[in-house]
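Undergrad: Sharing input09.cif here; it has mmCIF, C-alpha atoms.
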data_work
loop_
_atom_site.group_PDB
_atom_site.id
_atom_site.type_symbol
_atom_site.label_atom_id
_atom_site.label_comp_id
_atom_site.auth_asym_id
_atom_site.auth_seq_id
_atom_site.Cartn_x
_atom_site.Cartn_y
_atom_site.Cartn_z
ATOM 1 C CA MET A 1 18.762 -20.646 -22.737
ATOM 2 C CA SER A 2 19.463 -23.464 -20.272
ATOM 3 C CA ARG A 3 19.801 -23.842 -16.518
ATOM 4 C CA ILE A 4 23.126 -25.569 -15.960
ATOM 5 C CA LEU A 5 24.856 -27.121 -12.957
ATOM 6 C CA ILE A 6 28.643 -27.538 -13.057
ATOM 7 C CA THR A 7 30.513 -29.606 -10.494
ATOM 8 C CA GLY A 8 34.036 -28.674 -9.432
ATOM 9 C CA ALA A 9 33.621 -25.103 -10.642
ATOM 10 C CA SER A 10 36.145 -23.458 -8.318
ATOM 11 C CA SER A 11 39.078 -23.700 -10.749
ATOM 12 C CA GLY A 12 40.369 -25.150 -14.008
ATOM 13 C CA PHE A 13 37.959 -26.331 -16.677
ATOM 14 C CA GLY A 14 35.017 -25.926 -14.304
ATOM 15 C CA ALA A 15 35.640 -22.239 -13.637
ATOM 16 C CA MET A 16 36.343 -21.556 -17.313
ATOM 17 C CA THR A 17 33.173 -23.367 -18.367
ATOM 18 C CA ALA A 18 30.984 -21.563 -15.828
ATOM 19 C CA LYS A 19 32.168 -18.200 -17.142
ATOM 20 C CA ALA A 20 31.832 -19.191 -20.807
ATOM 21 C CA LEU A 21 28.311 -20.572 -20.365
ATOM 22 C CA ALA A 22 27.226 -17.495 -18.418
ATOM 23 C CA ASP A 23 28.678 -15.242 -21.129
ATOM 24 C CA ALA A 24 26.620 -17.212 -23.655
ATOM 25 C CA GLY A 25 23.449 -16.288 -21.775
ATOM 26 C CA HIS A 26 22.805 -19.452 -19.784
ATOM 27 C CA THR A 27 21.864 -19.543 -16.114
ATOM 28 C CA VAL A 28 24.773 -21.230 -14.391
ATOM 29 C CA TYR A 29 24.990 -22.861 -10.976
ATOM 30 C CA ALA A 30 28.657 -23.208 -10.051
ATOM 31 C CA GLY A 31 29.064 -26.043 -7.579
ATOM 32 C CA MET A 32 32.065 -25.946 -5.262
ATOM 33 C CA ARG A 33 32.868 -26.863 -1.692
ATOM 34 C CA ASN A 34 34.140 -24.718 1.178
ATOM 35 C CA ILE A 35 32.842 -21.491 -0.326
ATOM 36 C CA ALA A 36 33.078 -19.731 3.034
ATOM 37 C CA ASP A 37 36.794 -20.405 3.549
ATOM 38 C CA ARG A 38 39.176 -22.265 1.208
ATOM 39 C CA ASN A 39 37.254 -21.425 -1.950
ATOM 40 C CA ARG A 40 35.919 -18.070 -0.777
ATOM 41 C CA ARG A 41 37.831 -16.081 -3.379
ATOM 42 C CA ALA A 42 36.812 -18.465 -6.176
ATOM 43 C CA ALA A 43 33.189 -18.224 -5.033
ATOM 44 C CA GLU A 44 33.326 -14.432 -5.025
ATOM 45 C CA THR A 45 34.720 -14.407 -8.557
ATOM 46 C CA ALA A 46 32.161 -16.922 -9.849
ATOM 47 C CA GLY A 47 29.394 -15.022 -8.098
ATOM 48 C CA GLU A 48 29.895 -12.135 -10.507
ATOM 49 C CA TYR A 49 28.329 -14.180 -13.329
ATOM 50 C CA ALA A 50 26.884 -17.379 -11.826
ATOM 51 C CA HIS A 51 24.915 -18.669 -8.864
ATOM 52 C CA VAL A 52 27.426 -20.265 -6.503
ATOM 53 C CA VAL A 53 26.162 -23.299 -4.581
ATOM 54 C CA GLU A 54 27.941 -25.143 -1.782
ATOM 55 C CA MET A 55 28.469 -28.625 -3.162
ATOM 56 C CA ASP A 56 30.739 -31.353 -1.833
ATOM 57 C CA VAL A 57 30.490 -34.099 -4.436
ATOM 58 C CA SER A 58 31.772 -36.645 -1.914
ATOM 59 C CA ASP A 59 28.642 -36.187 0.216
ATOM 60 C CA GLN A 60 25.172 -37.133 -1.035
ATOM 61 C CA ALA A 61 23.380 -34.779 1.353
ATOM 62 C CA SER A 62 25.473 -31.852 0.105
ATOM 63 C CA VAL A 63 24.777 -32.808 -3.510
ATOM 64 C CA ASP A 64 21.048 -33.135 -2.857
ATOM 65 C CA ALA A 65 20.944 -29.740 -1.179
ATOM 66 C CA ALA A 66 22.812 -28.060 -4.042
ATOM 67 C CA VAL A 67 20.512 -29.583 -6.663
ATOM 68 C CA LYS A 68 17.455 -28.533 -4.668
ATOM 69 C CA GLN A 69 18.813 -24.994 -4.471
ATOM 70 C CA ALA A 70 19.425 -24.914 -8.228
ATOM 71 C CA GLY A 71 15.883 -26.056 -9.004
ATOM 72 C CA GLU A 72 14.790 -27.379 -12.385
ATOM 73 C CA LEU A 73 17.897 -28.038 -14.469
ATOM 74 C CA ASP A 74 18.454 -28.661 -18.170
ATOM 75 C CA VAL A 75 22.147 -29.541 -18.235
ATOM 76 C CA VAL A 76 24.643 -31.097 -15.844
ATOM 77 C CA VAL A 77 28.389 -30.800 -16.442
ATOM 78 C CA HIS A 78 30.282 -33.542 -14.607
ATOM 79 C CA ASN A 79 33.586 -31.779 -14.176
ATOM 80 C CA ALA A 80 34.735 -32.457 -10.598
ATOM 81 C CA GLY A 81 37.974 -34.410 -10.561
ATOM 82 C CA HIS A 82 41.313 -34.824 -8.846
ATOM 83 C CA MET A 83 44.686 -35.969 -10.155
ATOM 84 C CA VAL A 84 47.375 -37.837 -8.230
ATOM 85 C CA LEU A 85 51.001 -38.448 -9.169
ATOM 86 C CA GLY A 86 53.469 -41.143 -8.146
ATOM 87 C CA PRO A 87 54.338 -44.848 -8.431
ATOM 88 C CA THR A 88 51.155 -46.867 -8.283
ATOM 89 C CA GLU A 89 52.365 -49.290 -5.617
ATOM 90 C CA ALA A 90 53.007 -46.408 -3.221
ATOM 91 C CA PHE A 91 49.316 -45.435 -3.070
ATOM 92 C CA THR A 92 47.280 -47.080 -0.325
ATOM 93 C CA PRO A 93 43.962 -48.698 -1.237
ATOM 94 C CA GLU A 94 42.307 -45.894 0.707
ATOM 95 C CA GLN A 95 44.006 -43.312 -1.505
ATOM 96 C CA LEU A 96 42.795 -45.090 -4.634
ATOM 97 C CA ALA A 97 39.297 -45.153 -3.173
ATOM 98 C CA GLU A 98 39.479 -41.381 -2.650
ATOM 99 C CA VAL A 99 40.487 -40.850 -6.289
ATOM 100 C CA TYR A 100 37.600 -43.042 -7.458
ATOM 101 C CA ASP A 101 35.218 -41.239 -5.128
ATOM 102 C CA THR A 102 36.047 -37.821 -6.569
ATOM 103 C CA ASN A 103 36.238 -38.821 -10.224
ATOM 104 C CA VAL A 104 33.599 -41.564 -10.447
ATOM 105 C CA LEU A 105 31.275 -41.890 -7.463
ATOM 106 C CA SER A 106 30.665 -38.143 -7.462
ATOM 107 C CA THR A 107 28.942 -38.427 -10.832
ATOM 108 C CA GLN A 108 26.625 -41.108 -9.464
ATOM 109 C CA ARG A 109 25.640 -38.922 -6.527
ATOM 110 C CA VAL A 110 24.854 -36.028 -8.845
ATOM 111 C CA ASN A 111 22.976 -38.220 -11.317
ATOM 112 C CA ARG A 112 20.794 -39.693 -8.595
ATOM 113 C CA ALA A 113 19.883 -36.178 -7.502
ATOM 114 C CA VAL A 114 19.288 -34.737 -10.971
ATOM 115 C CA LEU A 115 18.018 -37.513 -13.211
ATOM 116 C CA PRO A 116 14.542 -37.999 -11.674
ATOM 117 C CA GLY A 117 13.687 -34.470 -12.781
ATOM 118 C CA LEU A 118 15.199 -34.825 -16.233
ATOM 119 C CA ARG A 119 13.480 -38.174 -16.794
ATOM 120 C CA ALA A 120 10.121 -36.748 -15.743
ATOM 121 C CA ARG A 121 10.484 -33.934 -18.292
ATOM 122 C CA GLY A 122 11.859 -36.198 -21.019
ATOM 123 C CA ASP A 123 14.688 -33.820 -21.828
ATOM 124 C CA GLY A 124 18.155 -32.821 -20.698
ATOM 125 C CA LEU A 125 21.872 -33.153 -21.309
ATOM 126 C CA LEU A 126 24.709 -34.770 -19.368
ATOM 127 C CA VAL A 127 28.177 -33.484 -20.238
ATOM 128 C CA TRP A 128 30.980 -35.657 -18.896
ATOM 129 C CA VAL A 129 34.454 -34.102 -18.746
ATOM 130 C CA GLY A 130 36.695 -37.109 -19.240
ATOM 131 C CA SER A 131 40.311 -37.478 -20.277
ATOM 132 C CA SER A 132 42.290 -38.628 -23.294
ATOM 133 C CA SER A 133 44.222 -40.828 -20.834
ATOM 134 C CA THR A 134 41.414 -43.398 -20.954
ATOM 135 C CA ARG A 135 42.409 -44.427 -24.481
ATOM 136 C CA GLY A 136 45.508 -42.525 -25.550
ATOM 137 C CA GLY A 137 49.137 -42.570 -24.504
ATOM 138 C CA THR A 138 49.433 -43.307 -20.792
ATOM 139 C CA PRO A 139 52.726 -42.167 -19.230
ATOM 140 C CA PRO A 140 53.656 -43.786 -15.896
ATOM 141 C CA TYR A 141 53.016 -42.440 -12.414
ATOM 142 C CA LEU A 142 49.415 -41.424 -13.183
ATOM 143 C CA ALA A 143 47.701 -44.817 -12.899
ATOM 144 C CA PRO A 144 45.123 -44.103 -10.150
ATOM 145 C CA TYR A 145 43.865 -41.057 -12.034
ATOM 146 C CA PHE A 146 43.877 -42.867 -15.386
ATOM 147 C CA ALA A 147 41.968 -45.803 -13.914
ATOM 148 C CA ALA A 148 39.363 -43.522 -12.362
ATOM 149 C CA LYS A 149 38.827 -41.551 -15.576
ATOM 150 C CA ALA A 150 38.476 -44.828 -17.486
ATOM 151 C CA ALA A 151 35.779 -45.891 -15.025
ATOM 152 C CA GLU A 152 34.025 -42.552 -15.461
ATOM 153 C CA ASP A 153 34.115 -42.979 -19.230
ATOM 154 C CA ALA A 154 32.604 -46.476 -19.001
ATOM 155 C CA LEU A 155 29.859 -45.140 -16.748
ATOM 156 C CA ALA A 156 29.106 -42.309 -19.180
ATOM 157 C CA VAL A 157 28.856 -44.701 -22.134
ATOM 158 C CA SER A 158 26.373 -46.942 -20.343
ATOM 159 C CA TYR A 159 24.336 -44.015 -19.063
ATOM 160 C CA ALA A 160 24.070 -42.664 -22.606
ATOM 161 C CA ALA A 161 22.180 -45.756 -23.758
ATOM 162 C CA GLU A 162 20.073 -46.084 -20.626
ATOM 163 C CA LEU A 163 18.894 -42.481 -20.792
ATOM 164 C CA ALA A 164 18.234 -42.312 -24.544
ATOM 165 C CA ARG A 165 14.589 -43.417 -24.320
ATOM 166 C CA PHE A 166 13.992 -40.707 -21.715
ATOM 167 C CA GLY A 167 15.116 -38.109 -24.273
ATOM 168 C CA ILE A 168 18.289 -37.249 -22.347
ATOM 169 C CA ASP A 169 21.381 -36.477 -24.392
ATOM 170 C CA THR A 170 25.004 -37.359 -23.587
ATOM 171 C CA THR A 171 28.303 -35.809 -24.665
ATOM 172 C CA ILE A 172 31.720 -36.892 -23.423
ATOM 173 C CA ILE A 173 34.307 -34.121 -23.541
ATOM 174 C CA VAL A 174 37.827 -35.539 -23.895
ATOM 175 C CA PRO A 175 40.575 -33.064 -22.970
ATOM 176 C CA GLY A 176 44.199 -33.966 -23.476
ATOM 177 C CA SER A 177 47.066 -32.952 -21.212
ATOM 178 C CA PHE A 178 47.054 -29.203 -20.653
ATOM 179 C CA THR A 179 50.197 -28.619 -18.596
ATOM 180 C CA THR A 180 49.618 -24.850 -18.368
ATOM 181 C CA GLY A 181 46.538 -22.730 -17.870
ATOM 182 C CA THR A 182 44.962 -24.998 -15.236
ATOM 183 C CA ASN A 183 45.858 -26.167 -11.723
ATOM 184 C CA HIS A 184 45.414 -29.831 -12.610
ATOM 185 C CA PHE A 185 49.050 -30.766 -12.095
ATOM 186 C CA ALA A 186 49.817 -28.108 -9.476
ATOM 187 C CA HIS A 187 47.027 -29.351 -7.184
ATOM 188 C CA ALA A 188 47.722 -33.044 -7.737
ATOM 189 C CA GLY A 189 47.990 -35.390 -4.771
ATOM 190 C CA HIS A 190 50.885 -37.738 -4.121
ATOM 191 C CA ALA A 191 51.445 -41.290 -2.914
ATOM 192 C CA SER A 192 51.648 -41.626 0.862
ATOM 193 C CA ASP A 193 53.995 -44.618 1.215
ATOM 194 C CA GLU A 194 57.323 -42.778 1.210
ATOM 195 C CA GLU A 195 59.389 -45.949 1.600
ATOM 196 C CA ILE A 196 58.032 -47.365 -1.633
ATOM 197 C CA VAL A 197 58.407 -43.999 -3.361
ATOM 198 C CA ALA A 198 62.090 -44.013 -2.364
ATOM 199 C CA ALA A 199 62.550 -47.520 -3.762
ATOM 200 C CA TYR A 200 61.165 -46.436 -7.120
ATOM 201 C CA ASP A 201 63.267 -43.290 -7.100
ATOM 202 C CA GLU A 202 66.376 -45.498 -7.114
ATOM 203 C CA ARG A 203 65.402 -46.946 -10.509
ATOM 204 C CA TYR A 204 63.249 -44.129 -11.901
ATOM 205 C CA ALA A 205 65.004 -41.036 -10.583
ATOM 206 C CA GLY A 206 63.523 -37.875 -12.080
ATOM 207 C CA LEU A 207 60.791 -39.756 -13.976
ATOM 208 C CA LEU A 208 57.957 -37.575 -12.719
ATOM 209 C CA ASP A 209 59.713 -34.403 -13.851
ATOM 210 C CA GLN A 210 60.563 -36.064 -17.157
ATOM 211 C CA VAL A 211 56.912 -36.960 -17.789
ATOM 212 C CA SER A 212 55.794 -33.412 -17.004
ATOM 213 C CA GLN A 213 58.457 -31.915 -19.250
ATOM 214 C CA LYS A 214 57.709 -34.256 -22.150
ATOM 215 C CA LEU A 215 53.975 -33.623 -21.927
ATOM 216 C CA ALA A 216 54.629 -29.887 -21.954
ATOM 217 C CA ALA A 217 56.929 -30.251 -24.957
ATOM 218 C CA LEU A 218 54.277 -32.154 -26.926
ATOM 219 C CA ALA A 219 51.746 -29.342 -26.585
ATOM 220 C CA PRO A 220 51.861 -26.632 -29.263
ATOM 221 C CA PRO A 221 52.555 -23.100 -28.003
ATOM 222 C CA ASP A 222 48.979 -22.015 -28.735
ATOM 223 C CA ALA A 223 47.351 -24.814 -26.686
ATOM 224 C CA ASP A 224 44.471 -23.119 -24.892
ATOM 225 C CA PRO A 225 42.520 -24.854 -22.095
ATOM 226 C CA GLU A 226 39.714 -22.348 -22.664
ATOM 227 C CA GLU A 227 38.899 -24.366 -25.794
ATOM 228 C CA VAL A 228 37.416 -27.025 -23.514
ATOM 229 C CA ALA A 229 34.943 -24.460 -22.185
ATOM 230 C CA ARG A 230 34.186 -23.195 -25.693
ATOM 231 C CA GLN A 231 33.399 -26.712 -26.893
ATOM 232 C CA ILE A 232 31.050 -27.302 -23.968
ATOM 233 C CA VAL A 233 29.226 -24.070 -24.829
ATOM 234 C CA ARG A 234 28.933 -25.261 -28.426
ATOM 235 C CA VAL A 235 27.548 -28.649 -27.396
ATOM 236 C CA VAL A 236 25.000 -27.139 -25.015
ATOM 237 C CA GLY A 237 23.767 -24.874 -27.809
ATOM 238 C CA LEU A 238 23.112 -27.691 -30.272
ATOM 239 C CA PRO A 239 19.644 -29.270 -30.655
ATOM 240 C CA ARG A 240 18.897 -32.554 -28.925
ATOM 241 C CA GLY A 241 19.978 -35.514 -31.016
ATOM 242 C CA GLU A 242 22.507 -33.448 -32.957
ATOM 243 C CA ARG A 243 25.122 -33.264 -30.225
ATOM 244 C CA PRO A 244 28.323 -35.266 -30.771
ATOM 245 C CA PHE A 245 28.863 -38.308 -28.582
ATOM 246 C CA ARG A 246 32.496 -37.286 -28.022
ATOM 247 C CA VAL A 247 34.497 -34.106 -28.470
ATOM 248 C CA HIS A 248 38.288 -34.320 -28.281
ATOM 249 C CA ILE A 249 40.387 -31.286 -27.342
ATOM 250 C CA ASP A 250 43.895 -32.730 -27.370
ATOM 251 C CA PRO A 251 46.710 -30.419 -28.520
ATOM 252 C CA ALA A 252 49.343 -33.115 -27.906
ATOM 253 C CA ASN A 253 47.395 -35.677 -29.966
ATOM 254 C CA ASP A 254 48.111 -38.671 -27.746
ATOM 255 C CA GLY A 255 46.072 -41.056 -29.925
ATOM 256 C CA ALA A 256 42.853 -41.125 -27.901
ATOM 257 C CA GLU A 257 40.712 -39.739 -30.711
ATOM 258 C CA GLU A 258 41.815 -42.508 -33.057
ATOM 259 C CA VAL A 259 41.221 -45.273 -30.517
ATOM 260 C CA ASN A 260 37.877 -43.855 -29.380
ATOM 261 C CA ALA A 261 36.713 -43.685 -32.993
ATOM 262 C CA VAL A 262 37.217 -47.439 -33.270
ATOM 263 C CA GLY A 263 35.593 -48.185 -29.916
ATOM 264 C CA ASP A 264 32.562 -45.995 -30.585
ATOM 265 C CA ARG A 265 32.136 -47.506 -34.052
ATOM 266 C CA VAL A 266 32.207 -51.020 -32.574
ATOM 267 C CA ARG A 267 29.653 -49.936 -29.968
ATOM 268 C CA SER A 268 27.316 -48.602 -32.657
ATOM 269 C CA GLU A 269 27.674 -51.713 -34.778
ATOM 270 C CA PHE A 270 27.001 -53.964 -31.791
ATOM 271 C CA TYR A 271 23.844 -52.053 -30.882
ATOM 272 C CA GLU A 272 22.701 -52.464 -34.485
ATOM 273 C CA ARG A 273 23.352 -56.212 -34.326
ATOM 274 C CA VAL A 274 21.319 -56.689 -31.140
ATOM 275 C CA GLY A 275 18.452 -54.500 -32.346
ATOM 276 C CA LEU A 276 19.025 -51.585 -29.955
ATOM 277 C CA SER A 277 20.063 -48.922 -32.409
ATOM 278 C CA ASP A 278 17.467 -46.506 -30.979
ATOM 279 C CA LEU A 279 19.657 -46.260 -27.864
ATOM 280 C CA LEU A 280 22.430 -44.564 -29.835
ATOM 281 C CA SER A 281 20.649 -41.205 -29.727
ATOM 282 C CA PRO A 282 17.991 -39.677 -27.469
ATOM 283 C CA ARG A 283 14.330 -40.065 -28.277
ATOM 284 C CA ARG A 284 12.943 -36.813 -29.659
#
Go through the file and emit its structure as structure tokens.
TA:
Amino acid sequence: MSRILITGASSGFGAMTAKALADAGHTVYAGMRNIADRNRRAAETAGEYAHVVEMDVSDQASVDAAVKQAGELDVVVHNAGHMVLGPTEAFTPEQLAEVYDTNVLSTQRVNRAVLPGLRARGDGLLVWVGSSSTRGGTPPYLAPYFAAKAAEDALAVSYAAELARFGIDTTIIVPGSFTTGTNHFAHAGHASDEEIVAAYDERYAGLLDQVSQKLAALAPPDADPEEVARQIVRVVGLPRGERPFRVHIDPANDGAEEVNAVGDRVRSEFYERVGLSDLLSPRR
């Protein structure tokens, strides 16, 4: 059984994954911020099956303290993320920076805290919870989130090769749009420039509601966000070197799996051509 740290474990995929991994017998450290106030109830619930650690992924000192509290880890699940909705122009640069901080820079803070230990042991697993939006159908009014998840995906791909000779495994989980069963859309942020939002509303009135409705209509009635947690449990349980590079859980089938298959094949072929094929899987 593994010792596992999950970021953003207060709700959504993070909370589901913490519970599923604990039920599978793993020791889980559920990272979340504000456990004494805003997330107190979530922390109390998670505390029934996991070790809850105060962890603000936007602050390196908080991340370092949480990792120190967790001790020697085997697996890290990069799950923390935040969605925003609205016309791209209406977001300030500072808002975009906040989205990148939560979805991208947070993973770097956690990696810098965790990887020295994993590298020293020559073993471990990074699980990156990405998004089908990085390669699949990309409806409008979600650009800052899509851009951030694409950056996270690129970071994960490069890390996979750079950690392979240390014996550290990588799996990228690729969920599609689950419009029910999580708080992803309900807790989304919005663009702050109301004047620009109003200008877009004149030409694109009701577009945001239309996108939400169409995404919901694409999903089959049995779409279950818990499947994301189940797939992470499956990946964690596999032997090193036998874990899939990507796992898609996309009920709406937005095309990401097809595009990623091409991109990952090209990546493998390129590594073969430049004589770095050993970086495609972790050293055993």
Undergrad: At a cut-off of 10 Å, using all atoms listed in the file, what residues contact region 198-214 of chain A? Leave out same-chain residues fewer than 5 positions from it and give the result as a list in words.
TA: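 Surrounding residues, per the criterion: Leu85, Gly86, Pro87, Glu89, Ala90, Pro139, Pro140, Tyr141, Leu142, Ser177, Thr179, Phe185, Asp193 and Ala219 of chain A.
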Undergrad: At a cut-off of 8 Å, using only C-alpha atoms, what residues contact Leu73 (chain A)? Leave out same-chain residues fewer than 3 positions from it and give the result as a list in words.
TA: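 Here the answer would be Ser2, Arg3, Ile4, Leu5, Ala70, Val76, Val114, Gly117, Leu118 and Gly124 of chain A.
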Undergrad: With distances taken over all atoms listed in the file, which of A:Ala30, A:Ala160, A:Ala154, A:Ala256 is nearest to Phe13 (chain A)?
TA: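 Going through A:Ala30, A:Ala160, A:Ala154, A:Ala256 one by one, the smallest distance to Phe13 (chain A) is for A:Ala30.
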Undergrad: Rank A:Met55, A:Leu125, A:Met16, A:Ala150 by their smallest atom-to-atom distance to Leu238 (chain A), using only C-alpha atoms, and report the top residue only.
TA: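 So, comparing all the options, the nearest one is A:Leu125.
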Undergrad: So that I can check the surroundings of Glu48 (chain A), please list as a PyMOL selection string every protein, DNA and RNA residue that reaches within 10 Å of it, counting all atoms listed in the file and ignoring chain neighbours fewer than 5 positions away.
TA: chain A and resi 19+22+43
Undergrad: With all atoms listed in the file as the basis for distance, which of A:Arg265, A:Arg246, A:Arg230, A:Arg119 is at the shortest distance from Asp74 (chain A)?
TA: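 Of the candidates, the smallest distance to Asp74 (chain A) is held by A:Arg119.
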Undergrad: Find the distance between CA of Ile173 (chain A) and CA of Leu126 (chain A) and write it in Å to one decimal.
TA: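 Taking CA of Ile173 (chain A) and CA of Leu126 (chain A), their separation equals 10.5 Å.
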Undergrad: Residues picked by the PyMOL selection byres ((chain A and resi 275-279) around 9) here, as an MDAnalysis selection string?
TA: chainID A and resid 160:165 268:274 280:283
Undergrad: From the list A:Glu54, A:Asp169, A:Glu94, A:Glu152, which residue is nearest Ile6 (chain A) when using only C-alpha atoms?
TA: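 Checking each of A:Glu54, A:Asp169, A:Glu94, A:Glu152 against Ile6 (chain A), counting only C-alpha atoms, the winner is A:Glu54.
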Undergrad: For the provided coordinates, the residues matched by the PyMOL selection byres ((chain A and resi 254) around 10) should be stated as a list in words.
TA: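 That expression, the PyMOL selection byres ((chain A and resi 254) around 10), corresponds here to Ser132, Ser133, Arg135, Gly136, Gly137, Thr138, Gly176, Ser177, Leu215, Leu218, Asp250, Pro251, Ala252, Asn253, Gly255, Ala256, Glu257, Glu258 and Val259 of chain A.
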Undergrad: Could you tell me which of A:Gly237, A:Gly189, A:Gly8, A:Gly130 comes closest to Ala24 (chain A) if we count only C-alpha atoms?
TA: A:Gly237
Undergrad: Do you know which residues are at most 12 Å from Leu105 (chain A) counting all atoms listed in the file, after dropping those on the same chain fewer than 6 positions away, and could you put them as a count of residues only?
TA: 20
Undergrad: Considering all atoms listed in the file, can you say which of A:Ala229, A:Ile249, A:Tyr49, A:Arg284 comes closest to Gly167 (chain A)?
TA: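 Among the listed residues, A:Arg284 lies closest to Gly167 (chain A).
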Undergrad: I want to know what sits within 9 Å of Val53 (chain A), based on all atoms listed in the file, with residues of the same chain fewer than 3 positions away left out; could you give that as a PDB file with C-alpha atoms, in the frame of the given file?
TA:
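Everything below was put into result_13.pdb:
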ATOM      1  CA  TYR A  29      24.990 -22.861 -10.976  1.00  0.00           C
ATOM      2  CA  ALA A  30      28.657 -23.208 -10.051  1.00  0.00           C
ATOM      3  CA  GLY A  31      29.064 -26.043  -7.579  1.00  0.00           C
ATOM      4  CA  MET A  32      32.065 -25.946  -5.262  1.00  0.00           C
ATOM      5  CA  ARG A  33      32.868 -26.863  -1.692  1.00  0.00           C
ATOM      6  CA  ILE A  35      32.842 -21.491  -0.326  1.00  0.00           C
ATOM      7  CA  ALA A  43      33.189 -18.224  -5.033  1.00  0.00           C
ATOM      8  CA  ALA A  65      20.944 -29.740  -1.179  1.00  0.00           C
ATOM      9  CA  ALA A  66      22.812 -28.060  -4.042  1.00  0.00           C
ATOM     10  CA  VAL A  67      20.512 -29.583  -6.663  1.00  0.00           C
ATOM     11  CA  GLN A  69      18.813 -24.994  -4.471  1.00  0.00           C
ATOM     12  CA  ALA A  70      19.425 -24.914  -8.228  1.00  0.00           C
TER      13      ALA A  70
END
Undergrad: Would you work out the distance separating CA of Glu194 (chain A) from CA of Leu96 (chain A), expressed in Å to one decimal?
TA: 15.8 Å
Undergrad: If I take CA of Arg234 (chain A) and CA of Met1 (chain A), how far is one from the other in Å, to one decimal?
TA: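 Value for the CA of Arg234 (chain A)-CA of Met1 (chain A) distance: 12.5 Å.
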Undergrad: Could you put an axis-aligned box around every listed atom of region 18-24 of chain A, padded by 6 Å on each side, and send me its centre and edge lengths in Å to one decimal, as JSON?
TA:
{"center_x": 29.4, "center_y": -18.4, "center_z": -19.7, "size_x": 17.5, "size_y": 18.3, "size_z": 19.8}
